[in-house]
file coords-v4.tsv (TSV, C-alpha atoms)
chain	number	residue	atom	x	y	z
F	26	MET	CA	140.15	4.39	-29.27
F	27	ARG	CA	143.04	2.03	-29.92
F	28	GLU	CA	143.18	-0.69	-27.26
F	29	ASN	CA	145.97	-0.75	-24.70
F	30	LYS	CA	146.84	-4.44	-24.76
F	31	LEU	CA	148.94	-4.17	-21.60
F	32	LYS	CA	145.76	-3.89	-19.55
F	33	LYS	CA	144.37	-6.94	-21.34
F	34	ILE	CA	147.53	-8.95	-20.64
F	35	TRP	CA	147.56	-8.01	-16.97
F	36	LYS	CA	143.84	-8.65	-16.55
F	37	SER	CA	144.35	-12.19	-17.83
F	38	GLY	CA	147.20	-12.72	-15.36
F	39	GLY	CA	149.92	-12.49	-18.02
F	40	THR	CA	153.33	-10.85	-18.06
F	41	VAL	CA	154.42	-7.85	-20.15
F	42	TYR	CA	157.89	-7.94	-21.72
F	43	CYS	CA	159.19	-4.54	-22.60
F	44	GLY	CA	161.94	-3.11	-24.79
F	45	TRP	CA	163.82	0.01	-23.68
F	46	LEU	CA	165.28	2.88	-25.69
F	47	ILE	CA	167.96	5.32	-24.56
F	48	GLY	CA	169.70	5.92	-27.90
F	49	ASP	CA	168.82	8.78	-30.22
F	50	SER	CA	167.45	6.85	-33.19
F	51	SER	CA	163.97	6.35	-34.61
F	52	TYR	CA	165.50	3.63	-36.77
F	53	SER	CA	166.62	1.73	-33.66
F	54	ALA	CA	163.15	2.23	-32.22
F	55	GLU	CA	161.63	0.72	-35.35
F	56	ILE	CA	164.01	-2.25	-35.18
F	57	ILE	CA	163.14	-2.95	-31.54
F	58	ALA	CA	159.42	-2.57	-32.28
F	59	ASN	CA	159.77	-5.37	-34.83
F	60	GLU	CA	160.86	-7.79	-32.12
F	61	ASN	CA	158.57	-9.79	-29.85
F	62	PHE	CA	158.02	-7.16	-27.17
F	63	ASP	CA	154.61	-6.27	-25.75
F	64	ALA	CA	155.69	-2.65	-25.23
F	65	VAL	CA	158.66	-0.37	-25.83
F	66	VAL	CA	159.65	2.51	-23.53
F	67	VAL	CA	161.14	5.75	-24.82
F	68	ASP	CA	163.30	6.86	-21.90
F	69	MET	CA	163.25	10.63	-21.46
F	70	GLN	CA	164.91	10.41	-18.03
F	71	HIS	CA	168.25	8.88	-19.02
F	72	GLY	CA	167.87	8.76	-22.80
F	73	LEU	CA	170.27	10.73	-24.99
F	74	PHE	CA	167.65	12.74	-26.88
F	75	GLY	CA	165.08	15.51	-26.63
F	76	PHE	CA	161.34	15.77	-27.10
F	77	LYS	CA	161.46	16.00	-30.91
F	78	GLU	CA	163.42	12.78	-31.13
F	79	ALA	CA	161.09	11.14	-28.61
F	80	VAL	CA	158.10	11.91	-30.83
F	81	GLU	CA	159.88	10.36	-33.82
F	82	MET	CA	160.66	7.26	-31.77
F	83	LEU	CA	157.04	6.96	-30.63
F	84	GLN	CA	156.01	7.19	-34.27
F	85	ALA	CA	158.46	4.44	-35.21
F	86	ILE	CA	157.16	2.14	-32.44
F	87	SER	CA	153.60	2.82	-33.53
F	88	THR	CA	154.17	1.22	-36.93
F	89	LYS	CA	154.26	-2.17	-35.21
F	90	ALA	CA	152.45	-4.13	-32.49
F	91	PRO	CA	154.20	-3.07	-29.24
F	92	VAL	CA	152.49	-0.50	-27.06
F	93	PRO	CA	154.42	2.81	-27.07
F	94	LEU	CA	155.34	3.95	-23.57
F	95	ALA	CA	157.54	6.75	-22.28
F	96	ARG	CA	159.45	7.42	-19.09
F	97	THR	CA	159.20	11.06	-18.11
F	98	GLN	CA	162.19	13.00	-16.78
F	99	TRP	CA	160.52	13.86	-13.49
F	100	ASN	CA	157.17	13.92	-11.75
F	101	GLU	CA	156.00	17.18	-13.32
F	102	PRO	CA	152.65	17.60	-15.11
F	103	SER	CA	153.88	19.41	-18.22
F	104	PRO	CA	156.31	16.80	-19.62
F	105	ILE	CA	153.90	14.00	-18.73
F	106	MET	CA	151.07	15.67	-20.63
F	107	ARG	CA	153.30	16.41	-23.63
F	108	LEU	CA	154.36	12.78	-23.91
F	109	LEU	CA	150.74	11.66	-23.76
F	110	ASP	CA	149.77	14.22	-26.40
F	111	ALA	CA	152.63	12.83	-28.52
F	112	GLY	CA	151.09	9.36	-28.46
F	113	ALA	CA	152.55	7.55	-25.46
F	114	TRP	CA	149.99	4.96	-24.36
F	115	GLY	CA	151.42	4.92	-20.87
F	116	ILE	CA	153.85	6.79	-18.62
F	117	VAL	CA	156.61	5.47	-16.38
F	118	CYS	CA	157.28	8.05	-13.66
F	119	PRO	CA	160.58	7.86	-11.74
F	120	LEU	CA	161.30	8.39	-8.06
F	121	ILE	CA	157.81	8.22	-6.58
F	122	SER	CA	158.31	8.35	-2.82
F	123	THR	CA	154.95	9.35	-1.27
F	124	ALA	CA	151.24	8.94	-1.82
F	125	ASP	CA	150.96	12.66	-2.65
F	126	GLU	CA	153.62	12.34	-5.34
F	127	CYS	CA	151.83	9.34	-6.79
F	128	GLU	CA	148.52	11.17	-6.82
F	129	GLN	CA	150.16	14.13	-8.58
F	130	PHE	CA	151.50	11.75	-11.22
F	131	ILE	CA	148.14	10.09	-11.81
F	132	ARG	CA	146.29	13.41	-12.02
F	133	ALA	CA	148.64	14.59	-14.78
F	134	THR	CA	147.58	11.58	-16.88
F	135	ARG	CA	143.81	12.05	-16.44
F	136	TYR	CA	141.34	14.51	-17.89
F	137	PRO	CA	138.95	16.23	-15.42
F	138	PRO	CA	137.20	15.43	-13.21
F	139	GLU	CA	139.61	12.54	-12.46
F	140	GLY	CA	142.69	14.67	-13.01
F	141	GLU	CA	144.04	17.91	-14.39
F	142	ARG	CA	145.37	16.98	-17.80
F	143	SER	CA	144.87	19.73	-20.37
F	144	PHE	CA	143.18	18.81	-23.64
F	145	GLY	CA	145.38	18.82	-26.74
F	146	PRO	CA	146.14	15.22	-27.82
F	147	MET	CA	147.78	16.33	-31.04
F	148	ARG	CA	149.38	13.12	-32.28
F	149	ALA	CA	147.58	10.89	-29.76
F	150	MET	CA	144.26	11.38	-31.51
F	151	LEU	CA	145.82	10.47	-34.87
F	152	TYR	CA	147.24	7.29	-33.38
F	153	GLY	CA	144.34	6.44	-31.11
F	154	GLY	CA	141.16	7.64	-32.78
F	155	GLU	CA	138.65	10.48	-32.62
F	156	ASP	CA	137.11	9.15	-29.40
F	157	TYR	CA	140.43	9.59	-27.59
F	158	TYR	CA	139.07	12.11	-25.09
F	159	LYS	CA	136.22	9.82	-24.02
F	160	LYS	CA	138.40	6.77	-23.42
F	161	ALA	CA	141.87	8.06	-22.60
F	162	ASN	CA	141.41	7.99	-18.81
F	163	ASP	CA	140.58	4.28	-18.94
F	164	THR	CA	143.20	3.40	-21.55
F	165	ILE	CA	146.44	5.14	-20.58
F	166	VAL	CA	148.68	3.01	-18.34
F	167	THR	CA	150.32	4.54	-15.27
F	168	ILE	CA	153.51	3.03	-13.84
F	169	ALA	CA	155.17	4.50	-10.74
F	170	MET	CA	158.82	3.75	-10.01
F	171	ILE	CA	159.69	2.59	-6.50
F	172	GLU	CA	163.40	3.19	-5.92
F	173	THR	CA	163.98	5.40	-2.87
F	174	ALA	CA	164.36	4.81	0.85
F	175	GLU	CA	161.41	7.14	1.50
F	176	ALA	CA	159.19	5.10	-0.79
F	177	LEU	CA	159.84	2.02	1.33
F	178	ASP	CA	158.18	3.82	4.25
F	179	ASN	CA	155.15	4.75	2.16
F	180	LEU	CA	154.36	1.66	0.10
F	181	ASP	CA	150.77	1.22	1.27
F	182	GLY	CA	149.93	4.86	0.64
F	183	ILE	CA	151.52	4.88	-2.82
F	184	MET	CA	149.79	1.68	-3.92
F	185	SER	CA	146.43	2.88	-2.61
F	186	ILE	CA	146.19	5.74	-5.11
F	187	LYS	CA	143.29	5.22	-7.50
F	188	GLY	CA	144.34	4.90	-11.12
F	189	LEU	CA	147.78	3.40	-10.51
F	190	ASP	CA	148.16	0.38	-12.77
F	191	ALA	CA	151.65	-0.85	-11.96
F	192	ILE	CA	154.80	-0.18	-9.99
F	193	PHE	CA	158.26	-0.58	-11.39
F	194	ILE	CA	161.32	-1.20	-9.24
F	195	GLY	CA	164.53	0.49	-10.32
F	196	PRO	CA	166.97	-2.04	-8.82
F	197	SER	CA	170.06	0.15	-9.23
F	198	ASP	CA	168.59	3.20	-7.49
F	199	LEU	CA	166.97	1.01	-4.84
F	200	SER	CA	170.34	-0.63	-4.18
F	201	ILE	CA	171.97	2.80	-3.82
F	202	ALA	CA	169.19	3.94	-1.49
F	203	LEU	CA	169.92	0.98	0.75
F	204	GLY	CA	173.66	1.71	0.82
F	205	HIS	CA	174.86	-0.77	-1.80
F	206	GLU	CA	176.40	-0.64	-5.26
F	207	PRO	CA	173.99	-0.09	-8.17
F	208	SER	CA	173.02	-3.30	-9.96
F	209	LEU	CA	170.38	-4.44	-12.45
F	210	ASP	CA	170.69	-7.89	-10.89
F	211	PRO	CA	171.13	-7.22	-7.16
F	212	LYS	CA	172.41	-10.01	-4.92
F	213	HIS	CA	172.51	-8.35	-1.49
F	214	LYS	CA	170.02	-9.93	0.91
F	215	GLU	CA	168.70	-6.57	2.14
F	216	VAL	CA	167.91	-5.40	-1.39
F	217	LEU	CA	166.29	-8.71	-2.33
F	218	ALA	CA	164.17	-8.64	0.83
F	219	GLN	CA	162.90	-5.15	0.02
F	220	ILE	CA	162.16	-6.12	-3.59
F	221	GLU	CA	160.01	-9.00	-2.36
F	222	ARG	CA	158.31	-6.75	0.18
F	223	ILE	CA	157.45	-4.22	-2.55
F	224	ARG	CA	156.04	-7.00	-4.71
F	225	LYS	CA	153.82	-8.30	-1.91
F	226	VAL	CA	152.42	-4.86	-1.13
F	227	ALA	CA	151.68	-4.27	-4.81
F	228	VAL	CA	149.83	-7.56	-5.15
F	229	ALA	CA	147.85	-6.87	-1.97
F	230	HIS	CA	146.63	-3.60	-3.51
F	231	GLY	CA	145.85	-5.08	-6.93
F	232	VAL	CA	148.78	-3.24	-8.54
F	233	VAL	CA	150.97	-5.02	-11.09
F	234	PRO	CA	154.55	-5.49	-9.81
F	235	GLY	CA	157.42	-4.80	-12.21
F	236	ILE	CA	161.20	-4.60	-12.14
F	237	HIS	CA	163.94	-3.70	-14.62
F	238	CYS	CA	165.92	-6.74	-15.77
F	239	ALA	CA	169.55	-7.01	-16.81
F	240	ASP	CA	168.73	-9.63	-19.44
F	241	GLY	CA	166.34	-12.43	-20.35
F	242	LYS	CA	167.70	-14.84	-17.77
F	243	VAL	CA	167.13	-12.32	-14.99
F	244	ALA	CA	163.64	-11.64	-16.37
F	245	ARG	CA	162.76	-15.34	-16.09
F	246	LYS	CA	163.89	-15.29	-12.46
F	247	TRP	CA	161.68	-12.32	-11.58
F	248	ARG	CA	158.76	-13.75	-13.53
F	249	SER	CA	158.97	-16.93	-11.47
F	250	GLN	CA	158.75	-14.75	-8.35
F	251	GLY	CA	155.57	-13.04	-9.48
F	252	PHE	CA	156.70	-9.91	-11.34
F	253	ARG	CA	154.56	-9.16	-14.40
F	254	PHE	CA	156.09	-6.03	-15.95
F	255	LEU	CA	159.59	-6.85	-17.15
F	256	PRO	CA	161.57	-4.29	-19.15
F	257	LEU	CA	164.75	-5.85	-20.53
F	258	ALA	CA	168.03	-3.89	-20.37
F	259	ALA	CA	168.15	-1.22	-23.14
F	260	ASP	CA	168.99	-0.75	-26.81
F	261	SER	CA	172.64	0.01	-25.99
F	262	TYR	CA	172.90	-3.44	-24.38
F	263	TYR	CA	171.14	-5.13	-27.31
F	264	LEU	CA	173.66	-3.57	-29.72
F	265	SER	CA	176.68	-4.34	-27.56
F	266	ALA	CA	175.65	-7.91	-26.75
F	267	GLY	CA	174.88	-8.69	-30.38
F	268	ALA	CA	178.18	-7.26	-31.61
F	269	LYS	CA	180.13	-9.03	-28.86
F	270	ALA	CA	178.58	-12.39	-29.68
F	271	MET	CA	179.14	-11.96	-33.41
F	272	VAL	CA	182.80	-10.94	-33.21
F	273	ALA	CA	183.50	-13.69	-30.66
F	274	GLU	CA	182.03	-16.25	-33.04
F	275	ALA	CA	184.03	-14.85	-35.96
F	276	ARG	CA	187.31	-15.04	-33.99
F	277	LYS	CA	186.90	-18.69	-33.01
F	278	ARG	CA	189.61	-21.04	-34.24
call {"tool": "encode", "arguments": {"input": "coords-v4.tsv", "output": "C-alpha cells"}}
result
Amino acid sequence: MRENKLKKIWKSGGTVYCGWLIGDSSYSAEIIANENFDAVVVDMQHGLFGFKEAVEMLQAISTKAPVPLARTQWNEPSPIMRLLDAGAWGIVCPLISTADECEQFIRATRYPPEGERSFGPMRAMLYGGEDYYKKANDTIVTIAMIETAEALDNLDGIMSIKGLDAIFIGPSDLSIALGHEPSLDPKHKEVLAQIERIRKVAVAHGVVPGIHCADGKVARKWRSQGFRFLPLAADSYYLSAGAKAMVAEARKR
C-alpha cells in the first residue's frame, strides 16, 4: 500500500504543512499540489462543491507528492467512508465534542474488527495498491477537530480514543464558542489559553496537535509553540493574496 508520509513526518518529530481547498476546481487542486505542501485537504464541510468534484480534486492532488486528505461535512459514517473509498489518505472530522463522538469517527475509518467501515475502496485501491485492505487501518490518518465549548470539558476522553492520530483546532469556531469574534489568528487571552491547554493535553496523550493558520507567519508562530499539523488558509486566500500583491506592484509609481 502507498505510504502515508504524514505518519512518518510526525514519528520523526516533524511538522506537516497543509494546503486547503474550498473552491470548485480540480485545476486549482493540481496547482496547489505542485507547491511545497506535505498534504492538501479537500474541504467538504465549507467547500463550494459536491462529491463528484471532490473525487476529481483528490485525483488531481494524487498526481503529485502531497498526501490527499479530506474534511467531511459531519461526523457521520457514510460520507467518511465514501471519501476514503475515493482515495482520501486521511479524514479531518469537524466538531468533535465527546469521547463517544471521537470513537464513532475512528470506527468509520477502520475495517472490522477495529471499526465498522464497509469494504469497497473503489478508487482507493487504484491509488494505494491491491493490499489496501490489509494495511488501510494502519495507514489512514484520523484528525479530530476541537472547536466547541463541550470539547473543552472532554479533552482527556477525546484524546484517549485509540486510533486518533491528531487533533486540529478550528480557531474561529473555538473563539465563537468562548464568546468572541471568529478569527484565524485569535488574540484574546482566554482563547489563547485554551489553545495552549488543548495542545498540552494532546501531547500528554501522544496525539499530534494542529491548528488552522491564517498565513505563513501565523504558522511559524504556532510551530514555535509546538503545533505540528499546520494547514495554511485556503485556495481563495492564495488567489486573492497573489492578485493583490501583483496589482499593487503594477500600480507603484
call {"tool": "residues_near_point", "arguments": {"input": "coords-v4.tsv", "point": "(147.6, 13.6, -6.0)", "cutoff": "12 Å", "atoms": "all atoms listed in the file", "output": "compact mmCIF listing (two decimals) with C-alpha atoms, keeping the file's coordinate frame"}}
result
# COMPACT_ATOMS: atom_id res chain seq x y z
CA ASN F 100 157.17 13.92 -11.75
CA GLU F 101 156.00 17.18 -13.32
CA PRO F 102 152.65 17.60 -15.11
CA ILE F 121 157.81 8.22 -6.58
CA THR F 123 154.95 9.35 -1.27
CA ALA F 124 151.24 8.94 -1.82
CA ASP F 125 150.96 12.66 -2.65
CA GLU F 126 153.62 12.34 -5.34
CA CYS F 127 151.83 9.34 -6.79
CA GLU F 128 148.52 11.17 -6.82
CA GLN F 129 150.16 14.13 -8.58
CA PHE F 130 151.50 11.75 -11.22
CA ILE F 131 148.14 10.09 -11.81
CA ARG F 132 146.29 13.41 -12.02
CA ALA F 133 148.64 14.59 -14.78
CA THR F 134 147.58 11.58 -16.88
CA ARG F 135 143.81 12.05 -16.44
CA GLU F 139 139.61 12.54 -12.46
CA GLY F 140 142.69 14.67 -13.01
CA GLU F 141 144.04 17.91 -14.39
CA GLY F 182 149.93 4.86 0.64
CA ILE F 183 151.52 4.88 -2.82
CA SER F 185 146.43 2.88 -2.61
CA ILE F 186 146.19 5.74 -5.11
CA LYS F 187 143.29 5.22 -7.50
CA GLY F 188 144.34 4.90 -11.12
CA LEU F 189 147.78 3.40 -10.51
call {"tool": "closest_residue", "arguments": {"input": "coords-v4.tsv", "among": "F:Ile105, F:Ile194, F:Val233, F:Met271", "to": "Ile34 (chain F)", "atoms": "all atoms listed in the file"}}
result
F:Val233
call {"tool": "residues_around", "arguments": {"input": "coords-v4.tsv", "residues": "Ala113 (chain F)", "least_positions_apart": "4", "cutoff": "6 Å", "atoms": "all atoms listed in the file", "output": "PyMOL selection string"}}
result
chain F and resi 93-95+108-109
call {"tool": "closest_residue", "arguments": {"input": "coords-v4.tsv", "among": "F:Trp114, F:Phe254, F:Tyr42, F:Tyr136", "to": "Arg148 (chain F)", "atoms": "only C-alpha atoms"}}
result
F:Trp114
call {"tool": "atom_distance", "arguments": {"input": "coords-v4.tsv", "atom1": "CA of Asp63 (chain F)", "atom2": "CA of Leu83 (chain F)"}}
result
14.3 Å
call {"tool": "closest_residue", "arguments": {"input": "coords-v4.tsv", "among": "F:Val166, F:Met147, F:Ala58, F:Met106", "to": "Cys43 (chain F)", "atoms": "only C-alpha atoms"}}
result
F:Ala58
call {"tool": "closest_residue", "arguments": {"input": "coords-v4.tsv", "among": "F:Ala149, F:Ala79, F:Ile192, F:Ala258", "to": "Pro119 (chain F)", "atoms": "all atoms listed in the file"}}
result
F:Ile192
call {"tool": "atom_distance", "arguments": {"input": "coords-v4.tsv", "atom1": "CA of Leu203 (chain F)", "atom2": "CA of Glu175 (chain F)"}}
result
10.5 Å
call {"tool": "closest_residue", "arguments": {"input": "coords-v4.tsv", "among": "F:Glu155, F:Asp181, F:Asp110, F:Glu60", "to": "Ser143 (chain F)", "atoms": "all atoms listed in the file"}}
result
F:Asp110
call {"tool": "atom_distance", "arguments": {"input": "coords-v4.tsv", "atom1": "CA of Ser200 (chain F)", "atom2": "CA of Phe252 (chain F)"}}
result
18.0 Å
